[in-house]
Amino acid sequence: MTPVQIVFLLTAALIIGSAVMVVVSRNLVHAALWLVATLFGVAILYAILDAGFLAVVQVVVYIGAIAILFIFAVMLTRKEMRDRGPQHRKDWWIAAMIGLLVLAGLVSVLVGQPEINRIAGPIPPDFDPVLALGHALVSPDAYVLPFEVASILLLAALVGAVYIAASRKP
Amino acid sequence: MTFWSDPINFIAEWLRGILTGWGMALDWANVLIASLGIISLILFSMMLAIFLVWVERKVVARFQDRVGPNRIGPYGLFQPFADIIKLIIKEDITPTGADKVVYNLAPVLALASVIFLWAILPLASNIYGVDLNVAILYLVATGALGTLAIIMGGWASNNKYALIGAFRMVATMISYEIPMVVALLIPTILSGTMSVRGIVEAQDPIWYFILSPLGALVFLISSIAELGRAPFDLNEAESEIVAGFHIEYTGMKFGLFYAGELLHAFTFGGLMAILFFGGYRFFGLEQYPLVGFLVFLAKAMFGYWVIMWVKYTMPRIRIDHMLAFNWKFLTPFAFFVLVVTAVLNKVLSGLDTWLFASLIFGANLIIAWITIEILRVYSRRERRLAEGNIPAPVPPAHH
Amino acid sequence: MSIPLSWYLILSAVLFSVGLFGVLSRRNAIAILLGIELMLNAVNINLVSFWRYQDPVQMTGQVFAIIVFAVAAAEVAVGLALIISVYRRRNTVVADDIDLMKW
């Protein structure tokens with residue numbers, strides 16, 4: 001067991017454990033905080049995969065913006081600090097069955113593929129992923145058009161969210 | 001590679017030799033040496049936090065024309081130990097109805113988010129934790145972790161004032177992250193790399209403070225707001241909201257918040273020094289890493305002193321003025337400076353260094369002058385609206 | 001690196017199914033959005049691990065993952081704004097009780 005494999009197994013345990021706590025937890029603020037732990041584990045996974053830029057962007061965008069949005073929304077949509085009533089539907093076992101079926105389907109598709117157990121090849125020595133990502137995002141024969149469309153999407157979402165959530169003062 | 005030219009690698013090689021001599025596999029020896037390096041860096045930053053308590057109290061005393069602590073040890077040097085002993089022996093109260101796990105985790109996360117920053121600071125040309133090539137973004141990420149700790153502390157205290165203080169603090173911090181990111185992009189563009197060590201190496205011979213004083217100013221203002229220090233400290237002002245999100249914290253938990261805030265201020269002073277004042281460079285002295293280390297500490301102390309100077313001189317700003325200042329002035333200003341710097345950097349890229357520097361410095365001066373003129377027109381109009389067009393006063397007739 | 005690709009893919013499959021369970025079994029609308037976030041993260045892990053294991057020089061996988069980040073952020077912002085607006089009118093965030101448009 002190389003150290004990298006041990007780090008991967010610990011990170012996988014963190015991700016799966018926190019994800020299960022997110023969907024099982026009865027206290028909604030705790031669920032949002034377990035989501036933060038899951039997102040942090042995914043960031044560690046990106047760092048293991050040599051995608052350093054994505055790891056840091058994951059922390060900034062998901063934990064620094066989305067998780068804080070969730071916590072604010074949880075605090076703004078309740079009349080008191082405790083959660084009332086049942087948090088899960090009465091037929092939650094159907095949902096568990098569907099989840100297990102989907103998992104079984106995905107794993108069975110994966111197991112049959114050739115070369116599924118390959119080890120990653122090395123990255124060429126003077127290849128800078130951040131520089132290549134920058135080139136890919138703004139060069140006209142790469143992905144500048146999806147990049148610009150994504151920024152317009154974010155602008156539309158920003159304007160829409162502010163308009164929807166603004167309180168109408170008479 | 002002698003000890004004086006490369007201390008950290010020298011010690012690592014020596015330890016590696018000893019450990020593999022005892023029969024440990026090379027992978028595990030590397031892991032052990034890396035852990036020792038991490039622990040020693042954390043220990044250094046925590047000891048620095050203790051020293052900073054004394055520095056803060058002496059400096060505020062001198063600003064307020066008094067002496068400060070001078071009883072415990074020579075010049076009061078052991079005062080922080082007295083403070084820490086007092087905090088440790090205090091009773092550890094958890095309010096009823098508080099969420100115990102989250103309540104106890106918040107101060108730990110607040111201090112941890114500051115120590116995370118020390119991993120990327122280049123203390124000398126080859127003394128650093130890791131040379132990340134996305135270190136600028138990593139900086140923003142640790143700020144995000146800090147805001148999470150504040151929300152956790154405010155919510156878990158089961159106290160309305162803590163919650164309001166936490167909301168205000170988080171609103172301030174996430175609002176001022178935007179001018180901070182834009183100000184961080186200015187050294188990135190000027191040096192062509194997001195790695196902090198690369199930015200220090202590129203400040204050769206001209207420091208970025210000369211190339212972009214407005215960028216340094218925007219970074220200073222937004223980092224003071226990120227830290228939550230005066231004049232942006234509405235969340236912990238005793239006269240306004242009774243200590244904000246750390247009302248319910250006593251004893252060493254409050255000590256963790258306090259030490260974390262001081263260390264955070266020093267780290268941002270260090271970042272000012274690295275990004276705009278040349279880091280560990282000092283006219284060629286940086287070939288000796290230990291001298292570079294002392295130079296970096298001196299510059300970081302200077303940055304920290306500027307932050308303290310602003311804190312103990314200016315009055316507090318109200319929360320709506322704070323947010324209006326950010327969204328209506330600082331963000332457009334920062335974007336404008338960034339665009340001008342980027343365009344000039346590209347257009348003038350072939351010129352000789354000193355001509356390049358003086359042109360960009362001149363452009364900064366022009367932007368500052370235009371901004372002050374716009375502000376003057378705007379404030380004159382505001383004052384006329386507020387006072388209702390009072391005509392100029394007639395001087396009294398001489399008898 | 002000595003980690004087989006299948007480990008990453010199975011991890012993302014498990015994360016996806018946990019998120020699916022969360023979406024289908026929770027009553028609170030915000031908790032449903034939490035499950036959707038888990039599923040989006042599982043997709044991202046898949047994309048980035050295929051980028052690394054197939055051809056790291058071609059940045060398609062990472063660009064795709066960044067677009068997924070942007071879309072997830074936009075979706076969470078609009079979704080939470082809608083939930084807060086519904087809470088203001090109907091005083092509830094339980095998904096079963098928001099049924100004005102059911103026949």
# chains A, B, ... in the order shown; residues from 1 in each chain; ligands from 1
$ residues_around --residues "segment 80-93 of chain C" --least-positions-apart "2" --cutoff "7 Å" --atoms "only C-alpha atoms" --output "JSON, numbers by chain"
{"A": [73, 77, 161, 164, 165], "C": [28, 29, 76, 77, 78, 95]}
$ write_last_selection --atoms "N, CA and C atoms" --output "JSON list (two decimals), in the first residue's frame"
[["chain", "number", "residue", "atom", "x", "y", "z"],
["A", 73, "ALA", "N", -29.71, 30.19, 3.55],
["A", 73, "ALA", "CA", -31.09, 29.85, 3.18],
["A", 73, "ALA", "C", -31.74, 29.02, 4.26],
["A", 77, "THR", "N", -35.28, 30.31, 6.36],
["A", 77, "THR", "CA", -36.58, 29.71, 6.05],
["A", 77, "THR", "C", -37.10, 28.92, 7.23],
["A", 161, "ALA", "N", -31.82, 35.75, -9.54],
["A", 161, "ALA", "CA", -31.90, 35.42, -8.11],
["A", 161, "ALA", "C", -32.18, 36.68, -7.29],
["A", 164, "ILE", "N", -35.87, 37.61, -7.84],
["A", 164, "ILE", "CA", -36.86, 36.72, -7.22],
["A", 164, "ILE", "C", -36.86, 36.88, -5.72],
["A", 165, "ALA", "N", -35.67, 36.99, -5.14],
["A", 165, "ALA", "CA", -35.60, 36.96, -3.69],
["A", 165, "ALA", "C", -35.76, 38.32, -3.06],
["C", 28, "ASN", "N", -37.77, 18.35, 3.00],
["C", 28, "ASN", "CA", -37.44, 19.77, 2.94],
["C", 28, "ASN", "C", -36.82, 20.10, 1.59],
["C", 29, "ALA", "N", -37.28, 21.19, 0.96],
["C", 29, "ALA", "CA", -36.81, 21.51, -0.39],
["C", 29, "ALA", "C", -35.31, 21.81, -0.40],
["C", 76, "VAL", "N", -27.83, 26.69, -7.91],
["C", 76, "VAL", "CA", -28.07, 26.81, -6.47],
["C", 76, "VAL", "C", -28.59, 28.20, -6.14],
["C", 77, "ALA", "N", -28.01, 29.24, -6.80],
["C", 77, "ALA", "CA", -28.45, 30.60, -6.49],
["C", 77, "ALA", "C", -29.92, 30.77, -6.83],
["C", 78, "VAL", "N", -30.30, 30.36, -8.06],
["C", 78, "VAL", "CA", -31.69, 30.56, -8.46],
["C", 78, "VAL", "C", -32.63, 29.68, -7.63],
["C", 95, "ALA", "N", -41.62, 20.14, 0.61],
["C", 95, "ALA", "CA", -41.92, 20.05, -0.82],
["C", 95, "ALA", "C", -43.32, 19.51, -1.07]]
$ interface_residues --of "chain B" --to "chain A" --cutoff "8 Å" --atoms "only C-alpha atoms" --output "MDAnalysis selection string"
chainID B and resid 27:28 133:134 137:138 140:141 144:145 147:148
$ write_last_selection --atoms "N, CA and C atoms" --output "PDB file, in the first residue's frame"
ATOM      1  N   ASP B  27       9.881   6.041   0.766  1.00  0.00           N
ATOM      2  CA  ASP B  27       8.569   6.706   0.734  1.00  0.00           C
ATOM      3  C   ASP B  27       8.147   7.152   2.128  1.00  0.00           C
ATOM      4  N   TRP B  28       8.264   6.217   3.089  1.00  0.00           N
ATOM      5  CA  TRP B  28       7.810   6.535   4.434  1.00  0.00           C
ATOM      6  C   TRP B  28       8.732   7.557   5.091  1.00  0.00           C
ATOM      7  N   ASN B 133       1.396  26.459  -7.643  1.00  0.00           N
ATOM      8  CA  ASN B 133       1.311  27.384  -8.762  1.00  0.00           C
ATOM      9  C   ASN B 133      -0.062  28.020  -8.882  1.00  0.00           C
ATOM     10  N   VAL B 134      -0.935  27.821  -7.884  1.00  0.00           N
ATOM     11  CA  VAL B 134      -2.194  28.563  -7.839  1.00  0.00           C
ATOM     12  C   VAL B 134      -2.337  29.195  -6.469  1.00  0.00           C
ATOM     13  N   LEU B 137      -5.102  31.879  -5.625  1.00  0.00           N
ATOM     14  CA  LEU B 137      -6.453  31.375  -5.391  1.00  0.00           C
ATOM     15  C   LEU B 137      -6.553  30.682  -4.054  1.00  0.00           C
ATOM     16  N   TYR B 138      -5.463  30.024  -3.627  1.00  0.00           N
ATOM     17  CA  TYR B 138      -5.445  29.344  -2.333  1.00  0.00           C
ATOM     18  C   TYR B 138      -5.693  30.348  -1.210  1.00  0.00           C
ATOM     19  N   VAL B 140      -7.540  33.065  -1.408  1.00  0.00           N
ATOM     20  CA  VAL B 140      -8.971  33.361  -1.360  1.00  0.00           C
ATOM     21  C   VAL B 140      -9.720  32.205  -0.716  1.00  0.00           C
ATOM     22  N   ALA B 141      -9.239  30.967  -0.992  1.00  0.00           N
ATOM     23  CA  ALA B 141      -9.929  29.797  -0.449  1.00  0.00           C
ATOM     24  C   ALA B 141      -9.862  29.776   1.076  1.00  0.00           C
ATOM     25  N   ALA B 144     -12.363  31.934   2.520  1.00  0.00           N
ATOM     26  CA  ALA B 144     -13.692  31.334   2.524  1.00  0.00           C
ATOM     27  C   ALA B 144     -13.882  30.429   3.731  1.00  0.00           C
ATOM     28  N   LEU B 145     -12.836  29.680   4.101  1.00  0.00           N
ATOM     29  CA  LEU B 145     -12.948  28.821   5.291  1.00  0.00           C
ATOM     30  C   LEU B 145     -13.158  29.650   6.548  1.00  0.00           C
ATOM     31  N   THR B 147     -14.794  32.500   6.774  1.00  0.00           N
ATOM     32  CA  THR B 147     -16.191  32.938   6.889  1.00  0.00           C
ATOM     33  C   THR B 147     -17.067  31.808   7.391  1.00  0.00           C
ATOM     34  N   LEU B 148     -16.745  30.561   6.967  1.00  0.00           N
ATOM     35  CA  LEU B 148     -17.532  29.420   7.448  1.00  0.00           C
ATOM     36  C   LEU B 148     -17.422  29.286   8.960  1.00  0.00           C
TER      37      LEU B 148
END
$ interface_residues --of "chain A" --to "chain C" --cutoff "7 Å" --atoms "only C-alpha atoms" --output "PDB file with C-alpha atoms, in the first residue's frame"
ATOM      1  CA  GLN A   5      -3.371   4.790  -1.854  1.00  0.00           C
ATOM      2  CA  ALA A  12     -12.953   8.249   0.036  1.00  0.00           C
ATOM      3  CA  ILE A  16     -18.845   8.720   1.537  1.00  0.00           C
ATOM      4  CA  ALA A  19     -22.416  12.243   2.095  1.00  0.00           C
ATOM      5  CA  VAL A  20     -24.389   9.645   4.039  1.00  0.00           C
ATOM      6  CA  VAL A  23     -28.841  12.709   3.549  1.00  0.00           C
ATOM      7  CA  LEU A  49      -5.499  13.860  -9.416  1.00  0.00           C
ATOM      8  CA  ILE A  66     -22.523  27.655  -2.383  1.00  0.00           C
ATOM      9  CA  ALA A  73     -31.087  29.851   3.176  1.00  0.00           C
ATOM     10  CA  THR A  77     -36.577  29.705   6.051  1.00  0.00           C
ATOM     11  CA  GLN A  87     -37.411  15.079   7.799  1.00  0.00           C
ATOM     12  CA  HIS A  88     -37.810  12.005   5.593  1.00  0.00           C
ATOM     13  CA  ARG A  89     -40.764  10.789   3.625  1.00  0.00           C
ATOM     14  CA  TRP A  92     -38.022   6.342   2.099  1.00  0.00           C
ATOM     15  CA  ALA A  95     -35.791   5.740  -2.486  1.00  0.00           C
ATOM     16  CA  ALA A  96     -33.152   3.463  -0.944  1.00  0.00           C
ATOM     17  CA  GLY A  99     -30.433   4.260  -5.111  1.00  0.00           C
ATOM     18  CA  LEU A 100     -29.139   0.714  -4.747  1.00  0.00           C
ATOM     19  CA  VAL A 102     -28.721   2.734  -9.791  1.00  0.00           C
ATOM     20  CA  LEU A 103     -25.493   1.848  -7.976  1.00  0.00           C
ATOM     21  CA  LEU A 106     -23.409   1.709 -12.758  1.00  0.00           C
ATOM     22  CA  VAL A 107     -20.995  -0.769 -11.189  1.00  0.00           C
ATOM     23  CA  ILE A 116     -10.732  -0.223 -16.280  1.00  0.00           C
ATOM     24  CA  ASN A 117      -7.952  -0.926 -13.831  1.00  0.00           C
ATOM     25  CA  ARG A 118      -5.289   1.079 -15.608  1.00  0.00           C
ATOM     26  CA  ILE A 119      -2.816   3.197 -13.700  1.00  0.00           C
ATOM     27  CA  ALA A 120      -2.406   6.821 -14.704  1.00  0.00           C
ATOM     28  CA  GLY A 121       0.428   7.685 -17.028  1.00  0.00           C
ATOM     29  CA  ILE A 123       2.252  13.993 -16.920  1.00  0.00           C
ATOM     30  CA  ALA A 132      -2.906  24.943 -20.605  1.00  0.00           C
ATOM     31  CA  LEU A 133      -6.254  25.514 -18.898  1.00  0.00           C
ATOM     32  CA  ALA A 136      -8.044  26.310 -23.487  1.00  0.00           C
ATOM     33  CA  ALA A 150     -21.226  30.260 -19.024  1.00  0.00           C
ATOM     34  CA  LEU A 154     -24.012  33.378 -14.401  1.00  0.00           C
ATOM     35  CA  ALA A 157     -28.691  33.707 -12.685  1.00  0.00           C
ATOM     36  CA  GLY A 160     -32.769  36.452 -11.656  1.00  0.00           C
ATOM     37  CA  ALA A 161     -31.902  35.416  -8.111  1.00  0.00           C
ATOM     38  CA  ILE A 164     -36.856  36.719  -7.222  1.00  0.00           C
ATOM     39  CA  ALA A 165     -35.597  36.957  -3.687  1.00  0.00           C
TER      40      ALA A 165
END
$ residues_around --residues "Thr96 of chain B" --least-positions-apart "2" --cutoff "12 Å" --atoms "only C-alpha atoms" --output "list in words"
Ile93, Thr94, Ala98, Asp99, Lys100, Tyr103, Ala156, Ser157, Asn158, Asn159 and Glu248 of chain B
$ write_last_selection --atoms "C-alpha atoms" --output "mmCIF file, in the first residue's frame"
data_model
loop_
_atom_site.group_PDB
_atom_site.id
_atom_site.type_symbol
_atom_site.label_atom_id
_atom_site.label_comp_id
_atom_site.auth_asym_id
_atom_site.auth_seq_id
_atom_site.Cartn_x
_atom_site.Cartn_y
_atom_site.Cartn_z
ATOM 1 C CA ILE B 93 -19.094 27.767 29.782
ATOM 2 C CA THR B 94 -21.276 26.305 27.058
ATOM 3 C CA ALA B 98 -26.063 25.650 22.037
ATOM 4 C CA ASP B 99 -25.084 23.105 19.445
ATOM 5 C CA LYS B 100 -22.159 21.578 21.306
ATOM 6 C CA TYR B 103 -19.900 25.515 19.054
ATOM 7 C CA ALA B 156 -24.182 27.634 17.462
ATOM 8 C CA SER B 157 -24.211 30.203 20.270
ATOM 9 C CA ASN B 158 -28.016 30.230 20.444
ATOM 10 C CA ASN B 159 -27.964 34.014 20.836
ATOM 11 C CA GLU B 248 -20.756 33.427 24.267
#
$ select_by_dssp --residues "segment 90-122 of chain A" --states "helix (DSSP H, G or I)" --output "mmCIF file with N, CA and C atoms, in the first residue's frame"
data_model
loop_
_atom_site.group_PDB
_atom_site.id
_atom_site.type_symbol
_atom_site.label_atom_id
_atom_site.label_comp_id
_atom_site.auth_asym_id
_atom_site.auth_seq_id
_atom_site.Cartn_x
_atom_site.Cartn_y
_atom_site.Cartn_z
ATOM 1 N N TRP A 92 -39.418 6.110 2.433
ATOM 2 C CA TRP A 92 -38.022 6.342 2.099
ATOM 3 C C TRP A 92 -37.341 5.075 1.637
ATOM 4 N N TRP A 93 -37.929 3.899 1.947
ATOM 5 C CA TRP A 93 -37.260 2.663 1.557
ATOM 6 C C TRP A 93 -37.313 2.463 0.042
ATOM 7 N N ILE A 94 -38.372 3.032 -0.621
ATOM 8 C CA ILE A 94 -38.398 2.974 -2.085
ATOM 9 C C ILE A 94 -37.214 3.754 -2.650
ATOM 10 N N ALA A 95 -36.934 4.936 -2.028
ATOM 11 C CA ALA A 95 -35.791 5.740 -2.486
ATOM 12 C C ALA A 95 -34.490 4.978 -2.307
ATOM 13 N N ALA A 96 -34.366 4.240 -1.173
ATOM 14 C CA ALA A 96 -33.152 3.463 -0.944
ATOM 15 C C ALA A 96 -33.005 2.365 -1.991
ATOM 16 N N MET A 97 -34.146 1.712 -2.340
ATOM 17 C CA MET A 97 -34.087 0.672 -3.370
ATOM 18 C C MET A 97 -33.629 1.247 -4.702
ATOM 19 N N ILE A 98 -34.212 2.423 -5.066
ATOM 20 C CA ILE A 98 -33.835 3.031 -6.340
ATOM 21 C C ILE A 98 -32.352 3.378 -6.324
ATOM 22 N N GLY A 99 -31.850 3.923 -5.192
ATOM 23 C CA GLY A 99 -30.433 4.260 -5.111
ATOM 24 C C GLY A 99 -29.555 3.040 -5.301
ATOM 25 N N LEU A 100 -29.937 1.928 -4.619
ATOM 26 C CA LEU A 100 -29.139 0.714 -4.747
ATOM 27 C C LEU A 100 -29.185 0.161 -6.160
ATOM 28 N N LEU A 101 -30.373 0.248 -6.819
ATOM 29 C CA LEU A 101 -30.472 -0.234 -8.198
ATOM 30 C C LEU A 101 -29.560 0.563 -9.116
ATOM 31 N N VAL A 102 -29.577 1.894 -8.944
ATOM 32 C CA VAL A 102 -28.721 2.734 -9.791
ATOM 33 C C VAL A 102 -27.261 2.392 -9.556
ATOM 34 N N LEU A 103 -26.886 2.186 -8.280
ATOM 35 C CA LEU A 103 -25.493 1.848 -7.976
ATOM 36 C C LEU A 103 -25.116 0.531 -8.620
ATOM 37 N N ALA A 104 -26.012 -0.468 -8.507
ATOM 38 C CA ALA A 104 -25.709 -1.772 -9.098
ATOM 39 C C ALA A 104 -25.565 -1.649 -10.612
ATOM 40 N N GLY A 105 -26.459 -0.864 -11.242
ATOM 41 C CA GLY A 105 -26.365 -0.688 -12.685
ATOM 42 C C GLY A 105 -25.049 -0.057 -13.105
ATOM 43 N N LEU A 106 -24.654 1.023 -12.395
ATOM 44 C CA LEU A 106 -23.409 1.709 -12.758
ATOM 45 C C LEU A 106 -22.207 0.793 -12.579
ATOM 46 N N VAL A 107 -22.159 0.080 -11.443
ATOM 47 C CA VAL A 107 -20.995 -0.769 -11.189
ATOM 48 C C VAL A 107 -20.936 -1.899 -12.202
ATOM 49 N N SER A 108 -22.103 -2.460 -12.587
ATOM 50 C CA SER A 108 -22.067 -3.568 -13.551
ATOM 51 C C SER A 108 -21.605 -3.080 -14.910
ATOM 52 N N VAL A 109 -21.974 -1.840 -15.279
ATOM 53 C CA VAL A 109 -21.473 -1.304 -16.549
ATOM 54 C C VAL A 109 -19.965 -1.116 -16.470
ATOM 55 N N LEU A 110 -19.474 -0.645 -15.316
ATOM 56 C CA LEU A 110 -18.049 -0.350 -15.189
ATOM 57 C C LEU A 110 -17.200 -1.608 -15.223
ATOM 58 N N VAL A 111 -17.676 -2.665 -14.548
ATOM 59 C CA VAL A 111 -16.820 -3.835 -14.356
ATOM 60 C C VAL A 111 -16.509 -4.500 -15.683
#
$ residues_around --residues "Phe296 of chain B" --least-positions-apart "2" --cutoff "10 Å" --atoms "only C-alpha atoms" --output "ChimeraX atom specification"
/B:122-124,270,273-274,277-282,286,290-294,298-302
$ write_last_selection --atoms "C-alpha atoms" --output "PDB file, in the first residue's frame"
ATOM      1  CA  PRO B 122       7.820  32.061   1.078  1.00  0.00           C
ATOM      2  CA  LEU B 123       9.859  32.966   4.137  1.00  0.00           C
ATOM      3  CA  ALA B 124      13.099  33.007   2.141  1.00  0.00           C
ATOM      4  CA  GLY B 270       3.309  39.462   5.341  1.00  0.00           C
ATOM      5  CA  ALA B 273       5.148  42.596   1.921  1.00  0.00           C
ATOM      6  CA  ILE B 274       5.363  39.615  -0.446  1.00  0.00           C
ATOM      7  CA  PHE B 277       7.123  45.178  -1.255  1.00  0.00           C
ATOM      8  CA  GLY B 278       9.461  42.520  -2.578  1.00  0.00           C
ATOM      9  CA  GLY B 279       9.050  39.789   0.048  1.00  0.00           C
ATOM     10  CA  TYR B 280      12.405  38.508   1.173  1.00  0.00           C
ATOM     11  CA  ARG B 281      14.328  40.496  -1.455  1.00  0.00           C
ATOM     12  CA  PHE B 282      16.540  43.284  -0.231  1.00  0.00           C
ATOM     13  CA  GLU B 286      18.569  37.234  -0.339  1.00  0.00           C
ATOM     14  CA  LEU B 290      18.464  33.110   6.839  1.00  0.00           C
ATOM     15  CA  VAL B 291      19.074  36.804   6.122  1.00  0.00           C
ATOM     16  CA  GLY B 292      16.160  36.714   3.674  1.00  0.00           C
ATOM     17  CA  PHE B 293      14.015  35.238   6.438  1.00  0.00           C
ATOM     18  CA  LEU B 294      14.853  38.133   8.784  1.00  0.00           C
ATOM     19  CA  ALA B 298      10.915  42.867   9.231  1.00  0.00           C
ATOM     20  CA  LYS B 299       8.773  43.734   6.213  1.00  0.00           C
ATOM     21  CA  ALA B 300       5.839  41.739   7.562  1.00  0.00           C
ATOM     22  CA  MET B 301       6.143  43.598  10.875  1.00  0.00           C
ATOM     23  CA  PHE B 302       6.044  46.844   8.923  1.00  0.00           C
TER      24      PHE B 302
END
$ atom_distance --atom1 "atom CA of Lys58 of chain B" --atom2 "atom CA of Ile72 of chain B"
12.9 Å
$ residues_around --residues "Ile317 of chain B" --least-positions-apart "2" --cutoff "10 Å" --atoms "only C-alpha atoms" --output "VMD selection string"
chain B and resid 230 to 234 314 to 315 319 to 323 325
$ atom_distance --atom1 "atom CA of Val60 of chain B" --atom2 "atom CA of Ala82 of chain B"
18.3 Å
$ residues_around --residues "Leu184 of chain B" --least-positions-apart "2" --cutoff "10 Å" --atoms "only C-alpha atoms" --output "list in words"
Ile136, Leu137, Leu139, Val140, Ile178, Pro179, Met180, Val181, Val182, Ile186, Pro187, Thr188, Ile189, Met194, Gly215, Ala216, Val218, Phe219, Leu275, Phe276 and Leu338 of chain B
$ atom_distance --atom1 "atom CA of Lys346 of chain B" --atom2 "atom CA of Phe361 of chain B"
15.1 Å
$ closest_residue --among "A:Ser167, A:Ala51, A:Arg78, A:Ile6" --to "Gly61 of chain C" --atoms "only C-alpha atoms"
A:Ala51
